[in-house]
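Text of the file my_file.cif, holding mmCIF, C-alpha atoms:
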```cif
data_model
loop_
_atom_site.label_atom_id
_atom_site.label_comp_id
_atom_site.auth_asym_id
_atom_site.auth_seq_id
_atom_site.Cartn_x
_atom_site.Cartn_y
_atom_site.Cartn_z
CA MET A 1 26.08 4.85 22.36
CA ALA A 2 29.30 4.87 20.36
CA ASP A 3 31.61 4.43 23.34
CA PRO A 4 33.02 0.92 23.75
CA ALA A 5 31.78 0.54 27.32
CA SER A 6 28.12 0.59 26.33
CA SER A 7 28.80 -1.80 23.45
CA GLU A 8 30.18 -4.29 25.94
CA ILE A 9 27.13 -3.90 28.14
CA LEU A 10 24.86 -4.55 25.18
CA SER A 11 26.75 -7.62 23.97
CA GLY A 12 26.55 -9.11 27.45
CA LEU A 13 22.77 -9.04 27.45
CA GLU A 14 20.46 -11.87 26.46
CA LEU A 15 18.74 -11.69 23.08
CA ASN A 16 15.31 -11.10 24.58
CA GLN A 17 16.57 -8.09 26.52
CA LEU A 18 17.62 -6.38 23.30
CA ILE A 19 15.76 -4.70 20.50
CA ALA A 20 17.03 -3.25 17.22
CA CYS A 21 15.43 -0.36 15.41
CA HIS A 22 14.14 -1.69 12.08
CA GLU A 23 14.77 1.60 10.32
CA CYS A 24 18.32 2.44 11.38
CA ASP A 25 19.55 -0.85 12.91
CA LYS A 26 20.50 0.73 16.22
CA LEU A 27 20.77 -1.83 19.01
CA LEU A 28 19.10 -0.95 22.30
CA ARG A 29 18.30 -2.50 25.62
CA ARG A 30 14.59 -3.41 25.43
CA PRO A 31 12.68 -0.87 27.51
CA GLN A 32 9.87 -2.03 29.75
CA ALA A 33 6.76 -0.33 28.43
CA CYS A 34 3.65 0.03 30.54
CA ALA A 35 0.20 -0.17 29.01
CA GLY A 36 -0.46 2.69 26.62
CA GLU A 37 3.19 3.66 26.31
CA ARG A 38 5.05 4.19 23.07
CA VAL A 39 8.71 3.36 22.58
CA GLU A 40 10.73 5.33 20.05
CA CYS A 41 14.22 4.88 18.67
CA PRO A 42 16.50 7.53 20.23
CA ARG A 43 18.54 7.88 17.04
CA CYS A 44 16.04 8.11 14.19
CA GLY A 45 12.81 8.65 16.11
CA CYS A 46 11.01 5.72 14.50
CA GLU A 47 8.30 4.05 16.57
CA LEU A 48 9.60 0.72 17.88
CA TYR A 49 6.41 -0.48 19.49
CA THR A 50 3.38 0.56 21.48
CA GLN A 51 2.04 -1.40 24.39
CA ARG A 52 -1.78 -1.55 24.40
CA THR A 53 -4.29 -3.24 26.63
CA GLN A 54 -6.78 -5.89 25.52
CA VAL A 55 -5.40 -5.91 22.02
CA ILE A 56 -6.93 -9.21 20.95
CA ARG A 57 -10.47 -8.55 22.18
CA ARG A 58 -10.67 -5.03 20.79
CA SER A 59 -9.13 -5.99 17.46
CA MET A 60 -11.49 -8.95 17.16
CA ALA A 61 -14.51 -6.69 17.60
CA LEU A 62 -13.18 -4.24 15.03
CA VAL A 63 -12.30 -6.94 12.48
CA ILE A 64 -15.79 -8.41 12.67
CA ALA A 65 -17.35 -4.95 12.30
CA ALA A 66 -15.14 -4.22 9.28
CA LEU A 67 -15.95 -7.53 7.61
CA MET A 68 -19.67 -6.90 8.00
CA LEU A 69 -19.32 -3.47 6.40
CA TYR A 70 -17.22 -4.74 3.52
CA ILE A 71 -19.99 -6.08 1.26
CA PRO A 72 -22.35 -3.07 1.52
CA ALA A 73 -19.42 -0.67 1.14
CA ASN A 74 -18.31 -2.25 -2.11
CA PHE A 75 -21.57 -3.26 -3.73
CA LEU A 76 -24.14 -0.64 -2.66
CA PRO A 77 -24.25 2.47 -4.85
CA ILE A 78 -21.90 5.20 -3.67
CA MET A 79 -23.69 7.79 -5.75
CA GLN A 80 -26.22 8.16 -8.50
CA LEU A 81 -26.04 10.49 -11.48
CA ASN A 82 -29.17 11.67 -13.28
CA LEU A 83 -28.87 13.17 -16.72
CA LEU A 84 -32.00 14.00 -18.75
CA GLY A 85 -34.03 11.25 -17.17
CA GLN A 86 -31.34 8.60 -17.35
CA ALA A 87 -29.73 7.38 -14.17
CA SER A 88 -26.48 5.60 -13.57
CA ASN A 89 -25.16 4.11 -10.34
CA ASP A 90 -21.59 3.91 -9.20
CA THR A 91 -20.25 1.27 -6.85
CA VAL A 92 -16.62 0.44 -6.18
CA TRP A 93 -17.13 -2.71 -8.22
CA SER A 94 -18.73 -0.92 -11.18
CA GLY A 95 -15.71 1.38 -11.31
CA VAL A 96 -13.50 -1.66 -11.81
CA LEU A 97 -15.84 -3.10 -14.45
CA GLY A 98 -16.01 0.24 -16.26
CA LEU A 99 -12.24 0.36 -16.68
CA TYR A 100 -12.11 -3.30 -17.66
CA ASN A 101 -14.70 -2.89 -20.40
CA ASN A 102 -12.91 0.17 -21.79
CA SER A 103 -9.79 -1.85 -22.67
CA MET A 104 -7.90 -0.71 -19.58
CA GLN A 105 -7.55 -4.17 -18.06
CA SER A 106 -4.24 -3.47 -16.32
CA VAL A 107 -5.54 -0.30 -14.65
CA ALA A 108 -8.73 -2.16 -13.71
CA VAL A 109 -6.63 -4.84 -12.00
CA VAL A 110 -4.66 -2.20 -10.05
CA VAL A 111 -7.87 -0.46 -8.93
CA PHE A 112 -9.45 -3.81 -8.03
CA LEU A 113 -6.43 -4.80 -5.95
CA CYS A 114 -5.99 -1.50 -4.13
CA SER A 115 -9.62 -0.76 -3.38
CA MET A 116 -11.25 -4.18 -3.02
CA ALA A 117 -9.00 -7.25 -2.95
CA VAL A 118 -6.20 -6.08 -0.65
CA PRO A 119 -8.48 -4.47 1.97
CA LEU A 120 -10.55 -7.69 2.12
CA LEU A 121 -7.53 -10.00 2.26
CA LYS A 122 -5.98 -7.82 4.95
CA LEU A 123 -9.11 -8.10 7.08
CA LEU A 124 -9.33 -11.87 6.52
CA CYS A 125 -5.66 -12.29 7.48
CA GLN A 126 -6.16 -10.22 10.62
CA PHE A 127 -9.29 -12.21 11.48
CA ALA A 128 -7.49 -15.54 11.03
CA VAL A 129 -4.48 -14.36 13.06
CA LEU A 130 -6.70 -13.20 15.92
CA LEU A 131 -8.68 -16.45 15.84
CA SER A 132 -5.49 -18.47 15.94
CA ILE A 133 -4.29 -16.53 18.99
CA ARG A 134 -7.64 -16.63 20.70
CA LEU A 135 -8.34 -20.33 20.18
CA ASP A 136 -4.68 -21.31 20.37
CA ILE A 137 -4.71 -23.32 17.15
CA GLY A 138 -2.60 -23.22 14.00
CA ARG A 139 -0.01 -20.77 15.25
CA SER A 140 2.33 -21.54 12.34
CA TYR A 141 -0.39 -20.59 9.85
CA GLY A 142 -1.07 -17.51 11.96
CA LEU A 143 2.57 -16.47 11.61
CA LEU A 144 2.50 -17.02 7.86
CA LEU A 145 -0.74 -15.06 7.45
CA TYR A 146 0.53 -12.21 9.57
CA ARG A 147 3.64 -12.02 7.41
CA ILE A 148 1.44 -11.88 4.31
CA TYR A 149 -0.61 -9.15 5.98
CA HIS A 150 2.49 -7.02 6.49
CA HIS A 151 3.35 -7.28 2.80
CA MET A 152 -0.15 -6.14 1.80
CA ARG A 153 -0.36 -3.25 4.22
CA GLU A 154 1.03 -0.66 1.86
CA TRP A 155 -1.36 -1.59 -0.94
CA GLY A 156 -4.76 -1.14 0.65
CA MET A 157 -5.86 2.38 -0.28
CA LEU A 158 -9.35 2.93 1.07
CA GLU A 159 -8.59 6.47 2.28
CA VAL A 160 -7.23 7.46 -1.13
CA TYR A 161 -10.35 6.01 -2.74
CA LEU A 162 -12.54 8.13 -0.46
CA MET A 163 -10.62 11.22 -1.58
CA GLY A 164 -11.21 10.07 -5.16
CA ILE A 165 -14.95 9.90 -4.48
CA LEU A 166 -14.86 13.47 -3.16
CA VAL A 167 -12.96 14.73 -6.21
CA ALA A 168 -15.41 12.95 -8.53
CA ILE A 169 -18.37 14.51 -6.68
CA VAL A 170 -16.88 17.99 -7.04
CA LYS A 171 -16.21 17.44 -10.73
CA LEU A 172 -19.75 16.25 -11.45
CA VAL A 173 -21.90 18.28 -9.12
CA ASP A 174 -22.35 21.20 -11.52
CA LEU A 175 -22.84 19.10 -14.62
CA ALA A 176 -25.70 16.87 -13.61
CA GLU A 177 -27.99 15.90 -10.79
CA LEU A 178 -26.02 13.88 -8.29
CA SER A 179 -27.28 12.00 -5.26
CA ILE A 180 -25.27 10.27 -2.57
CA GLY A 181 -26.06 6.63 -1.86
CA LEU A 182 -25.98 4.39 1.19
CA GLY A 183 -22.79 2.78 -0.12
CA LEU A 184 -20.82 5.92 0.68
CA MET A 185 -21.87 5.80 4.35
CA CYS A 186 -20.81 2.16 4.56
CA PHE A 187 -17.55 2.97 2.80
CA VAL A 188 -16.73 5.77 5.25
CA ALA A 189 -17.64 3.50 8.18
CA LEU A 190 -15.44 0.71 6.79
CA LEU A 191 -12.55 3.15 6.41
CA LEU A 192 -12.91 4.45 9.97
CA VAL A 193 -13.14 0.97 11.49
CA GLN A 194 -10.14 -0.16 9.47
CA VAL A 195 -7.98 2.78 10.57
CA TRP A 196 -9.00 2.20 14.16
CA LEU A 197 -8.11 -1.47 13.78
CA GLU A 198 -4.64 -0.66 12.41
CA VAL A 199 -4.00 1.55 15.43
CA THR A 200 -5.33 -0.98 17.95
CA MET A 201 -3.64 -4.08 16.63
CA SER A 202 -0.04 -3.28 17.56
CA PRO A 203 2.18 -5.63 15.55
CA HIS A 204 4.74 -6.19 18.28
CA GLN A 205 2.14 -7.61 20.66
CA ILE A 206 0.61 -9.79 17.94
CA TRP A 207 4.03 -11.26 17.06
CA ASP A 208 4.69 -11.98 20.72
CA ALA A 209 1.30 -13.61 21.13
CA LEU A 210 1.70 -15.68 17.96
CA SER A 211 5.08 -16.98 19.01
CA GLY A 212 3.78 -17.81 22.46
CA GLU A 213 6.02 -15.37 24.33
CA ASP A 214 3.06 -13.63 25.90
CA GLU A 215 0.84 -16.00 27.86
CA HIS A 216 -1.84 -13.45 28.64
CA ALA A 217 -2.34 -12.45 25.04
CA GLY A 218 -5.65 -14.26 24.62
CA ASP A 219 -7.23 -12.50 27.59
CA MET B 1 26.06 0.44 18.21
CA ARG B 2 24.32 -1.26 15.33
CA ALA B 3 22.70 -4.65 15.58
CA ILE B 4 24.84 -5.85 12.68
CA ASP B 5 28.01 -5.00 14.65
CA ALA B 6 26.80 -7.18 17.51
CA GLY B 7 26.29 -10.10 15.12
CA LEU B 8 22.53 -9.77 15.13
CA LEU B 9 20.13 -9.57 12.20
CA THR B 10 16.74 -7.92 12.44
CA CYS B 11 13.94 -9.74 10.66
CA HIS B 12 12.34 -7.47 8.03
CA GLU B 13 8.92 -8.81 8.77
CA CYS B 14 8.53 -9.24 12.52
CA HIS B 15 11.60 -7.28 13.74
CA GLN B 16 12.84 -10.23 15.80
CA LEU B 17 16.60 -10.32 16.44
CA ASN B 18 18.45 -13.34 15.06
CA PRO B 19 22.13 -14.16 15.70
CA ILE B 20 24.06 -14.34 12.42
CA GLN B 21 24.73 -17.89 11.27
CA THR B 22 27.68 -17.73 8.91
CA GLU B 23 27.80 -21.33 7.75
CA GLN B 24 24.44 -21.30 5.97
CA GLY B 25 23.67 -19.56 2.71
CA LYS B 26 20.17 -18.47 3.66
CA GLN B 27 18.92 -17.76 7.13
CA PHE B 28 15.32 -17.79 8.29
CA CYS B 29 13.82 -15.89 11.20
CA SER B 30 13.49 -17.95 14.37
CA ARG B 31 10.09 -16.44 15.11
CA CYS B 32 8.16 -15.87 11.89
CA GLY B 33 10.16 -17.98 9.40
CA GLY B 34 10.83 -15.11 7.01
CA LEU B 35 14.13 -14.80 5.18
CA VAL B 36 16.52 -12.55 7.12
CA HIS B 37 19.29 -10.43 5.66
CA ALA B 38 21.60 -7.93 7.29
CA ARG B 39 20.43 -5.44 4.65
CA GLN B 40 18.01 -5.98 1.82
CA PRO B 41 20.06 -7.59 -0.96
CA ASN B 42 20.92 -5.32 -3.90
CA SER B 43 18.69 -2.66 -2.41
CA LEU B 44 20.35 0.21 -4.29
CA THR B 45 20.46 -1.52 -7.68
CA ARG B 46 16.87 -2.67 -7.50
CA THR B 47 15.66 0.73 -6.36
CA TRP B 48 17.55 2.42 -9.21
CA ALA B 49 16.03 0.03 -11.74
CA LEU B 50 12.48 0.63 -10.53
CA LEU B 51 13.07 4.35 -10.30
CA LEU B 52 14.45 4.68 -13.83
CA THR B 53 11.56 2.69 -15.27
CA ALA B 54 9.16 4.98 -13.43
CA ALA B 55 11.02 8.05 -14.75
CA VAL B 56 10.66 6.83 -18.35
CA LEU B 57 6.93 6.17 -17.92
CA TYR B 58 6.51 9.55 -16.24
CA ILE B 59 6.76 11.21 -19.67
CA PRO B 60 3.79 9.47 -21.38
CA ALA B 61 1.89 9.67 -18.08
CA ASN B 62 1.97 13.45 -18.31
CA LEU B 63 1.67 13.89 -22.06
CA LEU B 64 -0.97 11.33 -23.04
CA PRO B 65 -4.63 11.95 -22.20
CA ILE B 66 -5.79 10.18 -19.07
CA MET B 67 -9.42 10.36 -20.14
CA THR B 68 -11.67 11.60 -22.92
CA VAL B 69 -15.00 13.21 -22.20
CA ASN B 70 -17.50 12.60 -25.02
CA SER B 71 -20.57 14.78 -24.91
CA LEU B 72 -23.11 15.05 -27.76
CA GLY B 73 -20.64 13.93 -30.38
CA LYS B 74 -17.83 16.20 -29.19
CA GLY B 75 -14.77 14.67 -27.57
CA GLN B 76 -12.41 16.45 -25.22
CA SER B 77 -9.21 14.82 -24.02
CA ASP B 78 -7.79 15.59 -20.62
CA THR B 79 -4.22 15.17 -19.51
CA ILE B 80 -3.35 15.31 -15.82
CA MET B 81 -2.38 18.96 -15.99
CA SER B 82 -5.41 20.04 -18.05
CA GLY B 83 -7.66 18.32 -15.49
CA VAL B 84 -6.17 20.49 -12.76
CA ILE B 85 -6.47 23.65 -14.87
CA GLU B 86 -10.09 22.83 -15.57
CA LEU B 87 -10.80 22.53 -11.85
CA VAL B 88 -9.13 25.91 -11.28
CA ASN B 89 -11.27 27.44 -14.03
CA TYR B 90 -14.39 26.13 -12.34
CA GLY B 91 -13.24 27.97 -9.23
CA MET B 92 -12.79 24.82 -7.18
CA LEU B 93 -9.41 25.77 -5.80
CA PRO B 94 -9.15 23.46 -2.75
CA ILE B 95 -9.92 20.35 -4.80
CA ALA B 96 -7.65 21.58 -7.60
CA ALA B 97 -4.87 21.96 -5.04
CA VAL B 98 -5.41 18.42 -3.72
CA VAL B 99 -5.34 16.94 -7.22
CA PHE B 100 -2.32 19.04 -8.16
CA VAL B 101 -0.41 17.87 -5.08
CA ALA B 102 -1.45 14.22 -5.44
CA SER B 103 -0.90 13.77 -9.15
CA ILE B 104 1.80 16.26 -10.11
CA LEU B 105 3.83 17.32 -7.09
CA VAL B 106 3.96 13.95 -5.32
CA PRO B 107 5.12 11.80 -8.27
CA THR B 108 7.74 14.39 -9.21
CA PHE B 109 8.88 14.76 -5.62
CA LYS B 110 9.08 10.98 -5.27
CA LEU B 111 11.20 10.53 -8.38
CA VAL B 112 13.58 13.31 -7.36
CA GLY B 113 13.53 12.36 -3.66
CA ILE B 114 14.34 8.68 -4.11
CA ALA B 115 17.07 9.57 -6.61
CA LEU B 116 18.55 12.00 -4.06
CA LEU B 117 18.43 9.37 -1.32
CA LEU B 118 20.16 6.81 -3.53
CA TYR B 119 22.75 9.31 -4.66
CA SER B 120 23.49 10.49 -1.14
CA VAL B 121 23.87 6.90 0.13
CA GLN B 122 26.19 5.96 -2.73
CA ARG B 123 28.29 9.12 -2.69
CA HIS B 124 28.44 9.58 1.09
CA GLN B 125 26.91 13.01 0.80
CA PRO B 126 27.12 15.24 3.84
CA MET B 127 23.33 15.48 4.09
CA SER B 128 22.36 14.71 7.67
CA PRO B 129 20.83 11.26 8.23
CA ARG B 130 17.95 12.83 10.09
CA GLN B 131 17.01 14.93 7.05
CA ARG B 132 17.28 11.91 4.81
CA VAL B 133 15.23 9.69 7.08
CA LEU B 134 12.51 12.34 7.28
CA MET B 135 12.49 12.49 3.50
CA TYR B 136 12.32 8.68 3.28
CA ARG B 137 9.38 8.48 5.67
CA PHE B 138 7.57 11.25 3.86
CA ILE B 139 8.06 9.53 0.49
CA GLU B 140 6.91 6.21 1.89
CA TRP B 141 3.82 7.75 3.43
CA ILE B 142 2.77 10.00 0.58
CA GLY B 143 3.30 7.52 -2.26
CA ARG B 144 -0.12 5.90 -2.09
CA TRP B 145 -1.91 9.24 -2.51
CA SER B 146 -0.86 9.49 -6.14
CA MET B 147 -3.39 6.77 -6.89
CA LEU B 148 -6.05 9.45 -6.41
CA ASP B 149 -6.37 10.32 -10.10
CA ILE B 150 -6.67 6.67 -11.08
CA PHE B 151 -9.55 6.18 -8.65
CA VAL B 152 -11.24 9.35 -9.90
CA ILE B 153 -11.05 8.01 -13.44
CA ALA B 154 -12.51 4.67 -12.33
CA ILE B 155 -15.45 6.42 -10.67
CA LEU B 156 -16.08 8.85 -13.55
CA VAL B 157 -15.94 6.09 -16.18
CA ALA B 158 -18.51 4.06 -14.27
CA LEU B 159 -20.76 6.99 -13.51
CA VAL B 160 -20.79 8.99 -16.74
CA ASN B 161 -21.99 6.27 -19.04
CA PHE B 162 -24.95 7.55 -21.04
CA GLY B 163 -24.00 6.26 -24.48
CA SER B 164 -23.91 8.99 -27.14
CA LEU B 165 -25.31 11.61 -24.79
CA ALA B 166 -22.29 11.71 -22.51
CA SER B 167 -19.57 9.27 -21.66
CA ILE B 168 -16.05 9.22 -20.28
CA VAL B 169 -13.44 6.87 -21.70
CA PRO B 170 -10.08 6.25 -20.01
CA GLY B 171 -6.92 7.04 -22.02
CA TYR B 172 -3.50 5.44 -22.21
CA GLY B 173 -2.04 8.16 -20.00
CA ALA B 174 -3.94 6.53 -17.13
CA MET B 175 -2.14 3.25 -17.73
CA ALA B 176 1.26 4.96 -17.76
CA PHE B 177 0.38 6.99 -14.68
CA ALA B 178 -0.78 3.93 -12.73
CA SER B 179 2.52 2.22 -13.61
CA VAL B 180 4.50 5.22 -12.38
CA VAL B 181 2.67 5.15 -9.04
CA VAL B 182 3.10 1.41 -8.56
CA LEU B 183 6.77 1.49 -9.60
CA THR B 184 7.68 4.39 -7.30
CA MET B 185 5.89 2.65 -4.41
CA LEU B 186 7.91 -0.50 -5.11
CA ALA B 187 11.07 1.60 -5.29
CA ALA B 188 10.35 3.06 -1.85
CA LEU B 189 9.78 -0.46 -0.51
CA THR B 190 13.01 -1.93 -1.89
CA PHE B 191 15.07 0.92 -0.51
CA ASP B 192 16.53 -0.15 2.83
CA PRO B 193 16.48 2.87 5.18
CA ARG B 194 19.25 1.38 7.31
CA LEU B 195 21.66 2.18 4.49
CA ILE B 196 21.13 5.85 5.29
CA TRP B 197 22.64 5.30 8.72
CA ASP B 198 25.33 2.85 7.66
CA ASN B 199 27.24 5.53 5.82
CA THR B 200 27.28 7.98 8.68
CA ASP B 201 30.15 7.99 11.10
CA PRO B 202 28.99 6.18 14.26
CA ASP B 203 30.75 8.76 16.42
CA ASP B 204 28.66 11.67 15.32
CA ASP B 205 25.18 10.41 16.06
CA HIS B 206 24.07 12.97 18.58
CA GLU B 207 22.23 11.35 21.41
#
```

Rendering of file as structure tokens:
Amino acid sequence: MADPASSEILSGLELNQLIACHECDKLLRRPQACAGERVECPRCGCELYTQRTQVIRRSMALVIAALMLYIPANFLPIMQLNLLGQASNDTVWSGVLGLYNNSMQSVAVVVFLCSMAVPLLKLLCQFAVLLSIRLDIGRSYGLLLYRIYHHMREWGMLEVYLMGILVAIVKLVDLAELSIGLGLMCFVALLLVQVWLEVTMSPHQIWDALSGEDEHAGD
Amino acid sequence: MRAIDAGLLTCHECHQLNPIQTEQGKQFCSRCGGLVHARQPNSLTRTWALLLTAAVLYIPANLLPIMTVNSLGKGQSDTIMSGVIELVNYGMLPIAAVVFVASILVPTFKLVGIALLLYSVQRHQPMSPRQRVLMYRFIEWIGRWSMLDIFVIAILVALVNFGSLASIVPGYGAMAFASVVVLTMLAALTFDPRLIWDNTDPDDDHE
């Protein structure tokens, strides 16, 4: 696309017919994607957007499911350790408290943010954004919340926490009697629903719906 | 052709194109209201600052104990490396490999990798942009996994809490290690990947 002829073609186009890759800043003519299609940048290969069907309805269902799983996943015991007749329970929350009470307040705050606060706030933001699209109210707040959501994305680490649970199980299993709790099932379910939600809720369609460019978004 | 050459700015947050308005100091995105810049301001300087801080903290993170296991009056301190070696000694090789990758290889790779990216952007190194962008994406994706050890400590501290019989207490290495992870993640976020492509000659992007 370096030849001057194509540059002239691109500059002649309207703004809404163009798209720029957010990773390498290459300017392209906006391709028309059919449902289920994925558009990639020809230069750096970064995903520009994916067109999905029934984004709002599916995402709404997944957000509600995730929010219902959140409390049991975080406050039901993930596992129980028995040592010479004494038992201790571990929940995500008790892990945070344990660090806090052992004079590791800063680490406790990081763990609290990455494993509890950010995942919850992300879900609440997504829920509010979807509601605002669905009911067609408070679009400006929807835009603000969706921006906040994008800043938090990186910091929710449920999948890493699950790996941490596995490592802890392996470390302890030979030392004492260990039993798995209901909390772990809820945690795994929450993680799966959340990953599914991230895949379903394609940001490009949400931005279009929020800014009112896509009239059929609420369907 | 780059968007910046056409007088367009891409919003960092919603990827909407905005025509450059030269008369104003700050420009906001017409769709989402976020602040738009052609490139993230001072991206290289900020990334260097975060990276160097992380590199300094990397030393205590590896030398100080991340946790102490107290059992029947005896205390045993674990650093990151000794935790991995202990897992190997127990014969749990797959888990040992995961912990080794997440808490030793990844932080080291991130520190070196981001430094290489910064250096190559500043010095116009002949490394191909495709290689660099792959490295950038890998660093961005893998960064979060270094938190693994911190979460393991959180779980162990909560679970092994039997008073004088057996208990696990976190050490200051954990604090340093958590800072390294957070700082390198921030460094990856402040680095603007478009700089990788800005330095390459526009005529040699093979399409």

Residue hits in chain B, query chain A, radius 6 Å, only C-alpha atoms, as JSON, numbers by chain: {"B": [1, 2, 3, 32, 145, 148, 151, 152, 154, 155, 157, 158, 159, 175, 193, 194, 197, 203]}

What gap, in Å, lies between CA of Ala176 (chain B) and CA of Pro119 (chain A)? 23.9 Å

Any chance you could work out the residue set of the PyMOL selection byres ((chain A and resi 133) around 9) here, as a PyMOL selection string? chain A and resi 56+128-132+134-139+142+206+209-210+212+217-218

Which is closest to Glu198 (chain A) among A:Cys41, A:Ile64, A:Val173, A:Leu123, if we use only C-alpha atoms? A:Leu123

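In this structure, CA of Gly85 (chain A) sits 18.4 Å away from CA of Ile168 (chain B).
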
Å distance separating CA of Leu197 (chain A) from CA of Leu113 (chain A), one decimal place: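 It comes out at 20.1 Å.
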
Counting all atoms listed in the file, find residues at most 12 Å from (13.3, 12.1, -5.6) (file frame) and give them as a PyMOL selection string. chain B and resi 47-48+51-52+54-55+105-120+132+135-136+138-140+143+184+187-188

How about saving the chosen residues, C-alpha atoms kept, as a compact mmCIF listing (two decimals), in the frame of the given file?
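Saved the output as part00.txt:
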```txt
# COMPACT_ATOMS: atom_id res chain seq x y z
CA THR B 47 15.66 0.73 -6.36
CA TRP B 48 17.55 2.42 -9.21
CA LEU B 51 13.07 4.35 -10.30
CA LEU B 52 14.45 4.68 -13.83
CA ALA B 54 9.16 4.98 -13.43
CA ALA B 55 11.02 8.05 -14.75
CA LEU B 105 3.83 17.32 -7.09
CA VAL B 106 3.96 13.95 -5.32
CA PRO B 107 5.12 11.80 -8.27
CA THR B 108 7.74 14.39 -9.21
CA PHE B 109 8.88 14.76 -5.62
CA LYS B 110 9.08 10.98 -5.27
CA LEU B 111 11.20 10.53 -8.38
CA VAL B 112 13.58 13.31 -7.36
CA GLY B 113 13.53 12.36 -3.66
CA ILE B 114 14.34 8.68 -4.11
CA ALA B 115 17.07 9.57 -6.61
CA LEU B 116 18.55 12.00 -4.06
CA LEU B 117 18.43 9.37 -1.32
CA LEU B 118 20.16 6.81 -3.53
CA TYR B 119 22.75 9.31 -4.66
CA SER B 120 23.49 10.49 -1.14
CA ARG B 132 17.28 11.91 4.81
CA MET B 135 12.49 12.49 3.50
CA TYR B 136 12.32 8.68 3.28
CA PHE B 138 7.57 11.25 3.86
CA ILE B 139 8.06 9.53 0.49
CA GLU B 140 6.91 6.21 1.89
CA GLY B 143 3.30 7.52 -2.26
CA THR B 184 7.68 4.39 -7.30
CA ALA B 187 11.07 1.60 -5.29
CA ALA B 188 10.35 3.06 -1.85
```

Pick from A:Leu175, A:Met116, A:Leu158, A:Thr50, whichever lies nearest to Gln32 (chain A) using all atoms listed in the file: A:Thr50
